[in-house]
Structure formats: structure tokens, C-alpha cells
file data28.pdb (PDB, C-alpha atoms and all ligand atoms)
ATOM      1  CA  MET Y   1     -51.661 -23.983 -88.074  1.00  0.00           C
ATOM      2  CA  SER Y   2     -48.753 -25.755 -89.673  1.00  0.00           C
ATOM      3  CA  SER Y   3     -49.574 -28.502 -92.160  1.00  0.00           C
ATOM      4  CA  ASP Y   4     -46.442 -30.398 -91.078  1.00  0.00           C
ATOM      5  CA  PRO Y   5     -47.552 -32.820 -88.319  1.00  0.00           C
ATOM      6  CA  GLU Y   6     -44.015 -33.046 -86.879  1.00  0.00           C
ATOM      7  CA  ASN Y   7     -43.725 -29.264 -86.564  1.00  0.00           C
ATOM      8  CA  GLU Y   8     -47.184 -29.084 -85.091  1.00  0.00           C
ATOM      9  CA  LEU Y   9     -46.353 -31.741 -82.508  1.00  0.00           C
ATOM     10  CA  ALA Y  10     -43.079 -29.992 -81.607  1.00  0.00           C
ATOM     11  CA  SER Y  11     -44.920 -26.696 -81.112  1.00  0.00           C
ATOM     12  CA  VAL Y  12     -47.611 -28.359 -78.927  1.00  0.00           C
ATOM     13  CA  ILE Y  13     -44.875 -29.987 -76.809  1.00  0.00           C
ATOM     14  CA  ALA Y  14     -43.015 -26.662 -76.466  1.00  0.00           C
ATOM     15  CA  SER Y  15     -46.198 -24.857 -75.335  1.00  0.00           C
ATOM     16  CA  ALA Y  16     -47.039 -27.618 -72.876  1.00  0.00           C
ATOM     17  CA  ARG Y  17     -43.519 -27.499 -71.458  1.00  0.00           C
ATOM     18  CA  GLU Y  18     -43.700 -23.694 -71.022  1.00  0.00           C
ATOM     19  CA  LEU Y  19     -47.064 -23.930 -69.302  1.00  0.00           C
ATOM     20  CA  LEU Y  20     -45.798 -26.687 -67.012  1.00  0.00           C
ATOM     21  CA  HIS Y  21     -42.808 -24.561 -66.126  1.00  0.00           C
ATOM     22  CA  TRP Y  22     -45.103 -21.660 -65.314  1.00  0.00           C
ATOM     23  CA  GLU Y  23     -47.392 -23.860 -63.196  1.00  0.00           C
ATOM     24  CA  GLU Y  24     -44.388 -25.156 -61.291  1.00  0.00           C
ATOM     25  CA  THR Y  25     -43.084 -21.643 -60.894  1.00  0.00           C
ATOM     26  CA  LEU Y  26     -46.259 -20.240 -59.395  1.00  0.00           C
ATOM     27  CA  GLY Y  27     -47.036 -23.369 -57.462  1.00  0.00           C
ATOM     28  CA  GLY Y  28     -43.585 -23.301 -55.962  1.00  0.00           C
ATOM     29  CA  THR Y  29     -42.899 -26.943 -56.808  1.00  0.00           C
ATOM     30  CA  GLY Y  30     -39.769 -27.953 -58.636  1.00  0.00           C
ATOM     31  CA  PHE Y  31     -38.622 -24.349 -58.892  1.00  0.00           C
ATOM     32  CA  PRO Y  32     -36.283 -22.603 -56.511  1.00  0.00           C
ATOM     33  CA  ALA Y  33     -37.896 -19.596 -54.856  1.00  0.00           C
ATOM     34  CA  PRO Y  34     -35.755 -16.472 -55.124  1.00  0.00           C
ATOM     35  CA  LYS Y  35     -33.675 -15.876 -52.011  1.00  0.00           C
ATOM     36  CA  ALA Y  36     -35.456 -13.601 -49.534  1.00  0.00           C
ATOM     37  CA  ALA Y  37     -32.477 -11.379 -48.800  1.00  0.00           C
ATOM     38  CA  SER Y  38     -31.694 -10.321 -52.330  1.00  0.00           C
ATOM     39  CA  PRO Y  39     -29.648  -7.168 -52.947  1.00  0.00           C
ATOM     40  CA  LEU Y  40     -32.839  -5.815 -54.454  1.00  0.00           C
ATOM     41  CA  GLN Y  41     -34.179  -5.199 -50.984  1.00  0.00           C
ATOM     42  CA  THR Y  42     -32.003  -2.131 -50.862  1.00  0.00           C
ATOM     43  CA  PRO Y  43     -33.992   1.078 -51.152  1.00  0.00           C
ATOM     44  CA  LEU Y  44     -33.379   2.923 -54.389  1.00  0.00           C
ATOM     45  CA  GLY Y  45     -30.599   5.407 -54.253  1.00  0.00           C
ATOM     46  CA  GLU Y  46     -28.119   3.219 -52.407  1.00  0.00           C
ATOM     47  CA  PRO Y  47     -25.148   1.876 -54.398  1.00  0.00           C
ATOM     48  CA  GLU Y  48     -26.172  -1.045 -56.615  1.00  0.00           C
ATOM     49  CA  ALA Y  49     -25.189  -2.440 -59.963  1.00  0.00           C
ATOM     50  CA  HIS Y  50     -27.667  -1.603 -62.763  1.00  0.00           C
ATOM     51  CA  GLU Y  51     -29.078   1.391 -60.973  1.00  0.00           C
ATOM     52  CA  GLY Y  52     -29.490   3.556 -64.009  1.00  0.00           C
ATOM     53  CA  ASP Y  53     -27.867   6.856 -64.772  1.00  0.00           C
ATOM     54  CA  GLU Y  54     -26.944   9.079 -61.871  1.00  0.00           C
ATOM     55  CA  ASP Y  55     -29.369  11.834 -62.735  1.00  0.00           C
ATOM     56  CA  THR Y  56     -32.355   9.476 -62.893  1.00  0.00           C
ATOM     57  CA  VAL Y  57     -31.370   7.822 -59.635  1.00  0.00           C
ATOM     58  CA  ALA Y  58     -30.920  11.196 -57.953  1.00  0.00           C
ATOM     59  CA  ARG Y  59     -34.291  12.495 -59.146  1.00  0.00           C
ATOM     60  CA  LEU Y  60     -36.028   9.315 -58.040  1.00  0.00           C
ATOM     61  CA  GLN Y  61     -34.392   9.660 -54.664  1.00  0.00           C
ATOM     62  CA  VAL Y  62     -35.704  13.227 -54.357  1.00  0.00           C
ATOM     63  CA  LEU Y  63     -39.211  11.907 -55.056  1.00  0.00           C
ATOM     64  CA  ALA Y  64     -38.766   9.009 -52.605  1.00  0.00           C
ATOM     65  CA  ASP Y  65     -37.576  11.414 -49.904  1.00  0.00           C
ATOM     66  CA  GLU Y  66     -40.550  13.666 -50.545  1.00  0.00           C
ATOM     67  CA  ALA Y  67     -42.933  10.696 -50.385  1.00  0.00           C
ATOM     68  CA  ALA Y  68     -41.433   9.694 -47.042  1.00  0.00           C
ATOM     69  CA  GLU Y  69     -42.566  13.039 -45.592  1.00  0.00           C
ATOM     70  CA  CYS Y  70     -45.775  13.337 -47.606  1.00  0.00           C
ATOM     71  CA  ALA Y  71     -49.078  14.324 -46.011  1.00  0.00           C
ATOM     72  CA  ARG Y  72     -51.091  14.863 -49.201  1.00  0.00           C
ATOM     73  CA  CYS Y  73     -53.762  12.364 -48.127  1.00  0.00           C
ATOM     74  CA  GLU Y  74     -55.080  10.557 -45.084  1.00  0.00           C
ATOM     75  CA  LEU Y  75     -53.055   7.413 -45.801  1.00  0.00           C
ATOM     76  CA  SER Y  76     -49.959   9.187 -44.501  1.00  0.00           C
ATOM     77  CA  ARG Y  77     -51.412   9.148 -40.974  1.00  0.00           C
ATOM     78  CA  GLY Y  78     -51.329   5.362 -40.740  1.00  0.00           C
ATOM     79  CA  ARG Y  79     -47.997   4.648 -42.338  1.00  0.00           C
ATOM     80  CA  THR Y  80     -44.945   3.160 -40.665  1.00  0.00           C
ATOM     81  CA  LYS Y  81     -42.805   3.730 -43.762  1.00  0.00           C
ATOM     82  CA  SER Y  82     -43.650   5.046 -47.186  1.00  0.00           C
ATOM     83  CA  VAL Y  83     -43.062   2.489 -49.931  1.00  0.00           C
ATOM     84  CA  PHE Y  84     -41.577   4.003 -53.047  1.00  0.00           C
ATOM     85  CA  ALA Y  85     -40.045   1.257 -55.204  1.00  0.00           C
ATOM     86  CA  ARG Y  86     -37.631  -1.590 -55.478  1.00  0.00           C
ATOM     87  CA  GLY Y  87     -35.511  -2.786 -58.362  1.00  0.00           C
ATOM     88  CA  THR Y  88     -33.594  -0.825 -60.918  1.00  0.00           C
ATOM     89  CA  PRO Y  89     -34.743   2.158 -62.996  1.00  0.00           C
ATOM     90  CA  ASP Y  90     -32.347   0.894 -65.671  1.00  0.00           C
ATOM     91  CA  THR Y  91     -34.855  -1.615 -67.031  1.00  0.00           C
ATOM     92  CA  ASP Y  92     -37.304  -2.150 -69.859  1.00  0.00           C
ATOM     93  CA  LEU Y  93     -39.982  -3.598 -67.559  1.00  0.00           C
ATOM     94  CA  VAL Y  94     -41.972  -1.999 -64.721  1.00  0.00           C
ATOM     95  CA  PHE Y  95     -44.646  -3.625 -62.550  1.00  0.00           C
ATOM     96  CA  VAL Y  96     -47.214  -1.381 -60.868  1.00  0.00           C
ATOM     97  CA  GLY Y  97     -49.262  -2.783 -57.995  1.00  0.00           C
ATOM     98  CA  GLU Y  98     -51.989  -1.286 -55.858  1.00  0.00           C
ATOM     99  CA  GLY Y  99     -50.521  -0.233 -52.529  1.00  0.00           C
ATOM    100  CA  PRO Y 100     -48.354  -1.488 -49.690  1.00  0.00           C
ATOM    101  CA  GLY Y 101     -49.627  -4.156 -47.307  1.00  0.00           C
ATOM    102  CA  PHE Y 102     -48.500  -4.912 -43.754  1.00  0.00           C
ATOM    103  CA  HIS Y 103     -45.013  -6.225 -44.568  1.00  0.00           C
ATOM    104  CA  GLU Y 104     -44.339  -3.528 -47.140  1.00  0.00           C
ATOM    105  CA  ASP Y 105     -45.350  -0.822 -44.649  1.00  0.00           C
ATOM    106  CA  GLN Y 106     -42.967  -2.303 -42.074  1.00  0.00           C
ATOM    107  CA  GLU Y 107     -40.027  -2.680 -44.450  1.00  0.00           C
ATOM    108  CA  GLY Y 108     -40.549   0.319 -46.724  1.00  0.00           C
ATOM    109  CA  LEU Y 109     -40.287  -1.869 -49.842  1.00  0.00           C
ATOM    110  CA  PRO Y 110     -43.025  -3.002 -52.239  1.00  0.00           C
ATOM    111  CA  PHE Y 111     -44.066  -6.618 -52.714  1.00  0.00           C
ATOM    112  CA  VAL Y 112     -42.092  -8.267 -49.946  1.00  0.00           C
ATOM    113  CA  GLY Y 113     -44.968 -10.344 -48.505  1.00  0.00           C
ATOM    114  CA  ARG Y 114     -46.481 -13.531 -49.954  1.00  0.00           C
ATOM    115  CA  ALA Y 115     -47.814 -11.782 -53.060  1.00  0.00           C
ATOM    116  CA  GLY Y 116     -44.343 -10.334 -53.549  1.00  0.00           C
ATOM    117  CA  GLN Y 117     -42.741 -13.759 -53.384  1.00  0.00           C
ATOM    118  CA  LEU Y 118     -45.139 -14.911 -56.063  1.00  0.00           C
ATOM    119  CA  LEU Y 119     -44.338 -11.826 -58.144  1.00  0.00           C
ATOM    120  CA  ASP Y 120     -40.632 -12.662 -57.812  1.00  0.00           C
ATOM    121  CA  ARG Y 121     -41.356 -16.123 -59.227  1.00  0.00           C
ATOM    122  CA  MET Y 122     -43.300 -14.602 -62.114  1.00  0.00           C
ATOM    123  CA  VAL Y 123     -40.378 -12.271 -62.840  1.00  0.00           C
ATOM    124  CA  ALA Y 124     -37.947 -15.201 -62.710  1.00  0.00           C
ATOM    125  CA  ALA Y 125     -40.154 -17.269 -65.043  1.00  0.00           C
ATOM    126  CA  MET Y 126     -39.974 -14.403 -67.536  1.00  0.00           C
ATOM    127  CA  GLY Y 127     -36.199 -14.684 -67.493  1.00  0.00           C
ATOM    128  CA  TYR Y 128     -35.409 -11.550 -65.480  1.00  0.00           C
ATOM    129  CA  ALA Y 129     -33.196 -11.414 -62.429  1.00  0.00           C
ATOM    130  CA  ARG Y 130     -35.174 -10.121 -59.453  1.00  0.00           C
ATOM    131  CA  ASP Y 131     -33.279  -6.824 -59.394  1.00  0.00           C
ATOM    132  CA  HIS Y 132     -33.520  -6.168 -63.131  1.00  0.00           C
ATOM    133  CA  VAL Y 133     -37.108  -4.930 -63.116  1.00  0.00           C
ATOM    134  CA  TYR Y 134     -38.659  -1.944 -61.327  1.00  0.00           C
ATOM    135  CA  ILE Y 135     -41.612  -2.424 -58.975  1.00  0.00           C
ATOM    136  CA  CYS Y 136     -43.835   0.259 -57.476  1.00  0.00           C
ATOM    137  CA  ASN Y 137     -47.440   0.933 -56.496  1.00  0.00           C
ATOM    138  CA  ILE Y 138     -50.293   3.313 -57.234  1.00  0.00           C
ATOM    139  CA  VAL Y 139     -50.151   4.601 -53.632  1.00  0.00           C
ATOM    140  CA  LYS Y 140     -47.019   4.841 -51.492  1.00  0.00           C
ATOM    141  CA  CYS Y 141     -48.660   4.416 -48.073  1.00  0.00           C
ATOM    142  CA  ARG Y 142     -50.600   1.433 -46.765  1.00  0.00           C
ATOM    143  CA  PRO Y 143     -54.394   1.779 -46.882  1.00  0.00           C
ATOM    144  CA  PRO Y 144     -56.126   0.747 -43.634  1.00  0.00           C
ATOM    145  CA  ASP Y 145     -56.898  -2.998 -43.553  1.00  0.00           C
ATOM    146  CA  ASN Y 146     -55.339  -3.268 -47.005  1.00  0.00           C
ATOM    147  CA  ARG Y 147     -58.436  -1.797 -48.626  1.00  0.00           C
ATOM    148  CA  THR Y 148     -58.321  -0.566 -52.217  1.00  0.00           C
ATOM    149  CA  PRO Y 149     -57.016   3.016 -52.381  1.00  0.00           C
ATOM    150  CA  LEU Y 150     -59.727   5.647 -52.844  1.00  0.00           C
ATOM    151  CA  PRO Y 151     -59.677   7.642 -56.083  1.00  0.00           C
ATOM    152  CA  THR Y 152     -58.707  10.755 -54.065  1.00  0.00           C
ATOM    153  CA  GLU Y 153     -55.738   8.897 -52.532  1.00  0.00           C
ATOM    154  CA  ALA Y 154     -54.601   7.577 -55.915  1.00  0.00           C
ATOM    155  CA  ALA Y 155     -54.937  11.081 -57.364  1.00  0.00           C
ATOM    156  CA  ALA Y 156     -52.847  12.576 -54.533  1.00  0.00           C
ATOM    157  CA  CYS Y 157     -50.161   9.927 -55.058  1.00  0.00           C
ATOM    158  CA  ALA Y 158     -50.047  10.516 -58.821  1.00  0.00           C
ATOM    159  CA  HIS Y 159     -47.806  13.407 -57.754  1.00  0.00           C
ATOM    160  CA  TYR Y 160     -45.157  10.688 -57.242  1.00  0.00           C
ATOM    161  CA  LEU Y 161     -46.166   7.957 -59.679  1.00  0.00           C
ATOM    162  CA  VAL Y 162     -46.284  10.113 -62.798  1.00  0.00           C
ATOM    163  CA  PRO Y 163     -42.730  11.508 -62.540  1.00  0.00           C
ATOM    164  CA  GLN Y 164     -41.527   8.133 -61.268  1.00  0.00           C
ATOM    165  CA  LEU Y 165     -42.689   6.308 -64.406  1.00  0.00           C
ATOM    166  CA  ASP Y 166     -41.615   9.208 -66.614  1.00  0.00           C
ATOM    167  CA  LEU Y 167     -38.099   8.945 -65.197  1.00  0.00           C
ATOM    168  CA  VAL Y 168     -37.834   5.160 -65.523  1.00  0.00           C
ATOM    169  CA  GLN Y 169     -39.316   5.200 -69.055  1.00  0.00           C
ATOM    170  CA  PRO Y 170     -39.713   1.420 -69.415  1.00  0.00           C
ATOM    171  CA  LYS Y 171     -40.627  -0.213 -72.717  1.00  0.00           C
ATOM    172  CA  VAL Y 172     -43.572  -1.964 -71.035  1.00  0.00           C
ATOM    173  CA  ILE Y 173     -45.576  -1.509 -67.830  1.00  0.00           C
ATOM    174  CA  VAL Y 174     -47.448  -4.454 -66.311  1.00  0.00           C
ATOM    175  CA  ALA Y 175     -50.443  -3.274 -64.270  1.00  0.00           C
ATOM    176  CA  LEU Y 176     -51.021  -5.770 -61.470  1.00  0.00           C
ATOM    177  CA  GLY Y 177     -54.735  -5.945 -60.723  1.00  0.00           C
ATOM    178  CA  ARG Y 178     -57.733  -3.871 -61.614  1.00  0.00           C
ATOM    179  CA  CYS Y 179     -56.873  -0.953 -59.315  1.00  0.00           C
ATOM    180  CA  ALA Y 180     -53.502  -0.431 -61.012  1.00  0.00           C
ATOM    181  CA  ALA Y 181     -55.073  -0.883 -64.454  1.00  0.00           C
ATOM    182  CA  GLU Y 182     -57.842   1.621 -63.678  1.00  0.00           C
ATOM    183  CA  ASN Y 183     -55.442   4.216 -62.352  1.00  0.00           C
ATOM    184  CA  LEU Y 184     -53.211   3.841 -65.399  1.00  0.00           C
ATOM    185  CA  ASN Y 185     -56.355   4.331 -67.476  1.00  0.00           C
ATOM    186  CA  VAL Y 186     -56.193   1.068 -69.373  1.00  0.00           C
ATOM    187  CA  VAL Y 187     -59.532  -0.489 -68.410  1.00  0.00           C
ATOM    188  CA  PRO Y 188     -61.969  -0.424 -71.324  1.00  0.00           C
ATOM    189  CA  PRO Y 189     -65.440   0.981 -70.525  1.00  0.00           C
ATOM    190  CA  ALA Y 190     -66.965  -2.482 -70.943  1.00  0.00           C
ATOM    191  CA  GLY Y 191     -65.881  -6.087 -71.240  1.00  0.00           C
ATOM    192  CA  ARG Y 192     -62.675  -7.833 -70.322  1.00  0.00           C
ATOM    193  CA  TRP Y 193     -59.806  -5.754 -68.960  1.00  0.00           C
ATOM    194  CA  ARG Y 194     -56.981  -8.238 -68.369  1.00  0.00           C
ATOM    195  CA  GLY Y 195     -54.765  -9.159 -71.250  1.00  0.00           C
ATOM    196  CA  ILE Y 196     -55.782  -6.155 -73.362  1.00  0.00           C
ATOM    197  CA  TRP Y 197     -52.942  -3.788 -74.223  1.00  0.00           C
ATOM    198  CA  GLY Y 198     -53.410  -0.168 -73.217  1.00  0.00           C
ATOM    199  CA  GLU Y 199     -51.104   2.819 -73.170  1.00  0.00           C
ATOM    200  CA  TRP Y 200     -49.936   5.241 -70.491  1.00  0.00           C
ATOM    201  CA  ARG Y 201     -48.223   8.390 -71.776  1.00  0.00           C
ATOM    202  CA  GLY Y 202     -46.987   6.480 -74.810  1.00  0.00           C
ATOM    203  CA  ILE Y 203     -45.811   3.391 -72.885  1.00  0.00           C
ATOM    204  CA  PRO Y 204     -47.586   0.078 -73.627  1.00  0.00           C
ATOM    205  CA  VAL Y 205     -49.392  -1.264 -70.551  1.00  0.00           C
ATOM    206  CA  MET Y 206     -50.404  -4.900 -70.060  1.00  0.00           C
ATOM    207  CA  PRO Y 207     -53.076  -5.261 -67.378  1.00  0.00           C
ATOM    208  CA  THR Y 208     -53.159  -8.632 -65.643  1.00  0.00           C
ATOM    209  CA  TYR Y 209     -54.363 -10.217 -62.422  1.00  0.00           C
ATOM    210  CA  HIS Y 210     -52.697  -9.270 -59.137  1.00  0.00           C
ATOM    211  CA  PRO Y 211     -50.446 -11.928 -57.553  1.00  0.00           C
ATOM    212  CA  ALA Y 212     -52.510 -11.722 -54.322  1.00  0.00           C
ATOM    213  CA  PHE Y 213     -55.555 -12.743 -56.393  1.00  0.00           C
ATOM    214  CA  LEU Y 214     -53.558 -15.624 -57.887  1.00  0.00           C
ATOM    215  CA  LEU Y 215     -52.720 -16.848 -54.389  1.00  0.00           C
ATOM    216  CA  ARG Y 216     -56.459 -17.116 -53.704  1.00  0.00           C
ATOM    217  CA  SER Y 217     -57.476 -18.271 -57.187  1.00  0.00           C
ATOM    218  CA  PRO Y 218     -54.619 -20.290 -58.705  1.00  0.00           C
ATOM    219  CA  GLN Y 219     -56.834 -21.381 -61.590  1.00  0.00           C
ATOM    220  CA  PHE Y 220     -56.076 -17.978 -63.157  1.00  0.00           C
ATOM    221  CA  LYS Y 221     -52.330 -18.643 -63.416  1.00  0.00           C
ATOM    222  CA  LYS Y 222     -52.624 -19.663 -67.060  1.00  0.00           C
ATOM    223  CA  PRO Y 223     -54.117 -16.406 -68.400  1.00  0.00           C
ATOM    224  CA  VAL Y 224     -51.518 -14.430 -66.442  1.00  0.00           C
ATOM    225  CA  TRP Y 225     -48.767 -16.476 -68.050  1.00  0.00           C
ATOM    226  CA  GLU Y 226     -50.309 -15.739 -71.446  1.00  0.00           C
ATOM    227  CA  ASP Y 227     -50.289 -12.004 -70.625  1.00  0.00           C
ATOM    228  CA  LEU Y 228     -46.648 -12.125 -69.555  1.00  0.00           C
ATOM    229  CA  GLN Y 229     -45.676 -14.038 -72.669  1.00  0.00           C
ATOM    230  CA  GLU Y 230     -47.330 -11.296 -74.683  1.00  0.00           C
ATOM    231  CA  VAL Y 231     -45.198  -8.790 -72.740  1.00  0.00           C
ATOM    232  CA  LEU Y 232     -42.061 -10.790 -73.586  1.00  0.00           C
ATOM    233  CA  ARG Y 233     -43.079 -10.825 -77.243  1.00  0.00           C
ATOM    234  CA  VAL Y 234     -43.308  -7.014 -77.299  1.00  0.00           C
ATOM    235  CA  LEU Y 235     -39.968  -6.766 -75.475  1.00  0.00           C
ATOM    236  CA  ASN Y 236     -38.494  -9.164 -78.020  1.00  0.00           C
ATOM    237  CA  ARG Y 237     -37.472 -11.595 -75.302  1.00  0.00           C
ATOM    238  CA  LYS Y 238     -38.156 -15.265 -74.724  1.00  0.00           C
ATOM    239  CA  ALA Y 239     -38.960 -17.071 -71.509  1.00  0.00           C
ATOM    240  CA  PRO Y 240     -35.984 -19.282 -70.605  1.00  0.00           C
ATOM    241  CA  ASN Y 241     -36.187 -22.966 -71.427  1.00  0.00           C
ATOM    242  CA  ARG Y 242     -35.808 -25.327 -68.555  1.00  0.00           C
TER     243      ARG Y 242
HETATM  244  N1  LIG Y 301     -49.792  -5.613 -53.038  1.00  0.00           N
HETATM  245  C1  LIG Y 301     -49.525  -4.510 -53.777  1.00  0.00           C
HETATM  246  O1  LIG Y 301     -50.312  -4.133 -54.630  1.00  0.00           O
HETATM  247  N2  LIG Y 301     -48.394  -3.886 -53.563  1.00  0.00           N
HETATM  248  C2  LIG Y 301     -47.502  -4.267 -52.666  1.00  0.00           C
HETATM  249  O2  LIG Y 301     -46.467  -3.620 -52.542  1.00  0.00           O
HETATM  250  C3  LIG Y 301     -47.785  -5.421 -51.916  1.00  0.00           C
HETATM  251  C4  LIG Y 301     -48.951  -6.080 -52.115  1.00  0.00           C
END
call {"tool": "encode", "arguments": {"input": "data28.pdb", "output": "C-alpha cells", "more": "lines below"}}
Ligand code: URA
result
Amino acid sequence: MSSDPENELASVIASARELLHWEETLGGTGFPAPKAASPLQTPLGEPEAHEGDEDTVARLQVLADEAAECARCELSRGRTKSVFARGTPDTDLVFVGEGPGFHEDQEGLPFVGRAGQLLDRMVAAMGYARDHVYICNIVKCRPPDNRTPLPTEAAACAHYLVPQLDLVQPKVIVALGRCAAENLNVVPPAGRWRGIWGEWRGIPVMPTYHPAFLLRSPQFKKPVWEDLQEVLRVLNRKAPNR
């Protein structure tokens, strides 16, 4: 701690302001929600600014096309659309969730329901435009009744996730929820799992709570903000001041 009371006070005020901003962001008060029909809701592979180099985009599209026809596990039987990714592969930050829900299955895009709107606010609070991160899931097809994917289903879908993340090569991955963290192998054998850095094939992974959990348990917004600030620190970025 600083011995200069003025500096100390300024730092306390700055932290309080950041936390307030975050609370407002997640609570949806005093903070504009991102527009629903963002250009980001364009499936990868269609013309977009910031799409990444042509080869990466083309290879991701091959994987997405394969996933759309995939029958490697039982989840394929119930799908309306496979859900590969949204955002840009030309990014330093990737979010990995669990699996598509009802709205995602209908639209073929990840995180477009209520949890997705909250994730968009989290991304905005970190200072990223909605289409400047890359968002995908452990499994590409919706599990029945939104249950957690079985280990066999996650293993079958690793056929897509592994090359997908290898192609995007972000500087940091945020694992949203325990399922994503477990499947990226960053849950310690005992003790706390969220907020503890792990690594997936050389890429730092920050596991944190899933936005759907935050919708049910908003008291956990603060630790998630701390985790995302830690991510920004590693990316050498700062959350925007309001
Ligand atoms: N929850 C997830 O984990 N992924 C989605 O795409 C939507 C909700």
C-alpha cells in the first residue's frame, strides 16, 4: 500500500468507480446494451472487417461446414443448426462456453440468448467491440434440455474445438463456467477453480463463472470482474474509463 494518503484515496476511488461501472454494466442500468442486430451475427466466413487472414478464415469455414453435417455423437440428432462461432478470428481474446441453448440452436450462433446479452456487456466493459472477440463452445450442438454435455460428447466435439482454437491462436482464452474449464483442463484437482490461470496448448486460460450463472446469482459479478481485469492485465489493456 502507498504511504501517500492522497494517492491511496485516488486509487480507492478509481477501483470503486471501475466496480460501479461493472455493476451497472451487468445490471443493465446506466449502460447501453449492445444492439441486438450487430454485424457480428454473421456466421464466420462471410465478408466482414477484421475477419483474419484468408487462410485462417477458409480453414475455419471448412471446420464449420463439417460441423454442420457432423454425426459424431448423439447431440447431432436433436440439432436445428450447429453452432460453430461468432466474432473474428483476428483477435487476442477468445471466450469458450459450454454448448448452445435454444436460441443458439435456432440461429446457429453462440451466445445470442440472455446469457449472450450479458456476455456482450462483459465484453463491452472490457473495452472490446462486440465483433472484436471470438466466441465458441465446447460442443457445437445443443444438448437436450440444455444439460451439461457428457464427456463423450465433449470428446467427440474436440475434433472441432482443438483445430478451431489452434487456428485462432488468441493470447488469452476465457473459459466460461466449470464445464468449459474442465474440458480445457484448467480445473485443479482440489480447491477453487475460478480465477486461477491455467494453460491450454500454451495459451493462458482464465476460468470464470458462466454468464447464465451470473443471471441467477448476481452476487458473483464482482469476482468475475476481477477475473476479467486480470485478463486485461495479461493482454496489456485497460478497461475504459467512463
Ligand atoms: N451458453 C453457452 O455455454 N453457450 C452458448 O452458446 C449459449 C449459452
call {"tool": "residues_around", "arguments": {"input": "data28.pdb", "residues": "Ala115 (chain Y)", "least_positions_apart": "5", "cutoff": "10 Å", "atoms": "all atoms listed in the file", "output": "ChimeraX atom specification"}}
result
/Y:101,120-121,210-215
call {"tool": "residues_near_ligand", "arguments": {"input": "data28.pdb", "ligand": "ligand LIG 301 (chain Y)", "cutoff": "7 Å", "atoms": "only C-alpha atoms and all ligand atoms", "output": "MDAnalysis selection string"}}
result
chainID Y and resid 97:101 104 109:113 115:116 136:137 212
call {"tool": "atom_distance", "arguments": {"input": "data28.pdb", "atom1": "CA of Pro149 (chain Y)", "atom2": "CA of Ala180 (chain Y)"}}
result
9.9 Å
call {"tool": "closest_residue", "arguments": {"input": "data28.pdb", "among": "Y:Gly108, Y:Pro189, Y:Pro240, Y:Gly52", "to": "Ala129 (chain Y)", "atoms": "all atoms listed in the file"}}
result
Y:Pro240
call {"tool": "residues_around", "arguments": {"input": "data28.pdb", "residues": "Val231 (chain Y)", "least_positions_apart": "4", "cutoff": "12 Å", "atoms": "all atoms listed in the file", "output": "count of residues only"}}
result
30
call {"tool": "atom_distance", "arguments": {"input": "data28.pdb", "atom1": "CA of Pro170 (chain Y)", "atom2": "CA of Thr91 (chain Y)"}}
result
6.2 Å
call {"tool": "closest_residue", "arguments": {"input": "data28.pdb", "among": "Y:Thr56, Y:Ser217, Y:Ser76, Y:Thr152", "to": "Asp90 (chain Y)", "atoms": "only C-alpha atoms"}}
result
Y:Thr56
call {"tool": "resolve_selection", "arguments": {"input": "data28.pdb", "expression": "the PyMOL selection byres (((chain Y and resi 70) around 12) and not hetatm)", "output": "ChimeraX atom specification"}}
result
/Y:63-69,71-79,81-84,139-141,153,156-157,159-160
call {"tool": "atom_distance", "arguments": {"input": "data28.pdb", "atom1": "CA of Leu118 (chain Y)", "atom2": "CA of Pro218 (chain Y)"}}
result
11.2 Å
call {"tool": "closest_residue", "arguments": {"input": "data28.pdb", "among": "Y:Trp193, Y:Tyr128, Y:Phe220, Y:Tyr134", "to": "Thr88 (chain Y)", "atoms": "only C-alpha atoms"}}
result
Y:Tyr134
call {"tool": "residues_near_point", "arguments": {"input": "data28.pdb", "point": "(-55.9, 4.7, -69.4)", "cutoff": "9 Å", "atoms": "only C-alpha atoms", "output": "PDB file with C-alpha atoms, keeping the file's coordinate frame"}}
result
ATOM      1  CA  ALA Y 181     -55.073  -0.883 -64.454  1.00  0.00           C
ATOM      2  CA  GLU Y 182     -57.842   1.621 -63.678  1.00  0.00           C
ATOM      3  CA  ASN Y 183     -55.442   4.216 -62.352  1.00  0.00           C
ATOM      4  CA  LEU Y 184     -53.211   3.841 -65.399  1.00  0.00           C
ATOM      5  CA  ASN Y 185     -56.355   4.331 -67.476  1.00  0.00           C
ATOM      6  CA  VAL Y 186     -56.193   1.068 -69.373  1.00  0.00           C
ATOM      7  CA  VAL Y 187     -59.532  -0.489 -68.410  1.00  0.00           C
ATOM      8  CA  PRO Y 188     -61.969  -0.424 -71.324  1.00  0.00           C
ATOM      9  CA  GLY Y 198     -53.410  -0.168 -73.217  1.00  0.00           C
ATOM     10  CA  GLU Y 199     -51.104   2.819 -73.170  1.00  0.00           C
ATOM     11  CA  TRP Y 200     -49.936   5.241 -70.491  1.00  0.00           C
ATOM     12  CA  ARG Y 201     -48.223   8.390 -71.776  1.00  0.00           C
ATOM     13  CA  VAL Y 205     -49.392  -1.264 -70.551  1.00  0.00           C
TER      14      VAL Y 205
END
call {"tool": "closest_residue", "arguments": {"input": "data28.pdb", "among": "Y:Ile138, Y:Val62, Y:Met122, Y:Asn146", "to": "Ala158 (chain Y)", "atoms": "all atoms listed in the file"}}
result
Y:Ile138
call {"tool": "closest_residue", "arguments": {"input": "data28.pdb", "among": "Y:Leu232, Y:Ala124, Y:Cys179, Y:Ile135", "to": "Pro151 (chain Y)", "atoms": "all atoms listed in the file"}}
result
Y:Cys179
call {"tool": "closest_residue", "arguments": {"input": "data28.pdb", "among": "Y:Gly202, Y:Arg142, Y:Gln219, Y:Asn7", "to": "Asp166 (chain Y)", "atoms": "all atoms listed in the file"}}
result
Y:Gly202
